[in-house]
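Single-structure report; data block below.
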Amino acid sequence: MTKSIDELNQILDLSKITTYQAGVAQSTVHRLLQKHTNDCLRPYSLSTMQWFIIGTIYDTGAAGIRLTDLAKKVDTTLSFLTTAINQLESRGILQRAGSASDSRAKFVSVTEEFERIIPTIEEDLRNKMRKSFYAKVSPEDLRIYMKVLYQFSDL
């Protein structure tokens, strides 16, 4: 018989969970979310990380974002980011521009053509996630989960 989440919460004593058990749970969920998001993004020929990069750039507006700032925001190396941006640029999704005030600074932005597609992809991905992953937790639990993620990301 499957126990309800409330029953599990009553039984679950966080002081009894080891650090490695918590780590395994976090890693498992991360991999499952990434795999599922990759599957949902497949019709657009995008990976989860590409979507994160595109969305983060999109949020900065038409001016774009410096590569070093983007690397910090998505928590990756400049070499990985450069490779990803090269791929997305060759597909007409992203574009680069130099800075008028600093010749060393490179800014990247979303092309106007792809900007129009982003809301469609976001809506489709959100709907797919609501029917799958998010359907397994209450909106309140998801809100708390997201709040905790943001708190951890500020450390």
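Going through the structure tokens in order, the chains are called A, B, and so on, while each chain numbers its residues from 1 and the ligands are numbered from 1 in the order shown.
Taking only C-alpha atoms, the non-local environment of range 106-109 of chain A within 9 Å (same-chain residues fewer than 3 positions away omitted) comprises Ile54, Ile57, Tyr58, Thr60, Gly61, Ala62, Ala63, Gly64, Ile65, Arg66, Leu67, Thr68, Leu70, Ile85, Ile93, Leu94, Gln95, Arg96, Ala97, Gly98, Ser99, Asp102 and Ser103 of chain A.
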Please write the residues from the selection above to a file, keeping C-alpha atoms, as a short mmCIF file (atom, residue, chain, number, x, y, z; two decimals), in the first residue's frame.
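again-v5.cif was written with the following content:
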```cif
data_model
loop_
_atom_site.label_atom_id
_atom_site.label_comp_id
_atom_site.auth_asym_id
_atom_site.auth_seq_id
_atom_site.Cartn_x
_atom_site.Cartn_y
_atom_site.Cartn_z
CA ILE A 54 18.87 31.20 -23.98
CA ILE A 57 20.11 35.89 -22.04
CA TYR A 58 16.49 36.62 -23.03
CA THR A 60 18.50 40.58 -19.93
CA GLY A 61 16.71 42.23 -22.86
CA ALA A 62 17.94 43.51 -26.20
CA ALA A 63 21.26 44.79 -24.86
CA GLY A 64 22.29 41.25 -23.97
CA ILE A 65 24.77 40.12 -21.35
CA ARG A 66 28.54 39.88 -21.10
CA LEU A 67 29.85 36.34 -21.44
CA THR A 68 31.58 36.48 -18.06
CA LEU A 70 26.39 34.85 -18.14
CA ILE A 85 27.00 29.92 -27.72
CA ILE A 93 19.32 31.70 -32.03
CA LEU A 94 21.96 33.95 -30.46
CA GLN A 95 24.12 36.79 -31.70
CA ARG A 96 27.30 38.41 -30.39
CA ALA A 97 28.32 42.03 -30.33
CA GLY A 98 31.33 43.89 -29.02
CA SER A 99 31.14 46.60 -26.41
CA ASP A 102 35.53 47.93 -23.93
CA SER A 103 36.90 46.09 -26.95
#
```
Tell me, counting only C-alpha atoms, for each residue of range 77-134 of chain A within 8 Å of range 35-47 of chain A, which pair of atoms is nearest and how far apart they are in Å to one decimal, in rows ordered by chain and increasing number, as CSV.
```
residue,atom,partner,partner_atom,distance
A:Ile121,CA,A:Tyr44,CA,7.8
A:Leu125,CA,A:Cys40,CA,6.2
A:Lys128,CA,A:Cys40,CA,6.9
A:Met129,CA,A:Thr37,CA,7.9
```
| request: Check range 4-151 of chain A with DSSP on the backbone and list each residue it calls strand (DSSP E or B), as a PyMOL selection string. | output: chain A and resi 65-66+94-98+106-110
So that I have them on file, write out the residues from the current selection with C-alpha atoms, as an mmCIF file, in the first residue's frame.
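As a result, part.cif now contains:
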```cif
data_model
loop_
_atom_site.group_PDB
_atom_site.id
_atom_site.type_symbol
_atom_site.label_atom_id
_atom_site.label_comp_id
_atom_site.auth_asym_id
_atom_site.auth_seq_id
_atom_site.Cartn_x
_atom_site.Cartn_y
_atom_site.Cartn_z
ATOM 1 C CA ILE A 65 24.769 40.117 -21.348
ATOM 2 C CA ARG A 66 28.544 39.880 -21.100
ATOM 3 C CA LEU A 94 21.958 33.946 -30.459
ATOM 4 C CA GLN A 95 24.121 36.787 -31.705
ATOM 5 C CA ARG A 96 27.298 38.410 -30.394
ATOM 6 C CA ALA A 97 28.322 42.033 -30.333
ATOM 7 C CA GLY A 98 31.330 43.886 -29.022
ATOM 8 C CA LYS A 106 31.630 40.524 -25.732
ATOM 9 C CA PHE A 107 27.879 40.694 -25.333
ATOM 10 C CA VAL A 108 25.470 38.005 -26.427
ATOM 11 C CA SER A 109 21.746 38.441 -27.085
ATOM 12 C CA VAL A 110 18.850 36.478 -28.535
#
```
| message | Using DSSP assignments from the backbone, pull out every residue in range 43-91 of chain A that falls under helix (DSSP H, G or I) and give it to me as a VMD selection string. | response | chain A and resid 43 to 44 48 to 59 67 to 73 78 to 90
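If you measure from each of A:Val137, A:Ala25, A:Met49, A:Ala105 to Ala84 in chain A using only C-alpha atoms, the closest one turns out to be A:Met49.
Taking CA of Ser153 in chain A and CA of Lys73 in chain A as endpoints, the distance between them is 10.2 Å.
CA of Val29 in chain A sits 12.8 Å away from CA of Lys136 in chain A.
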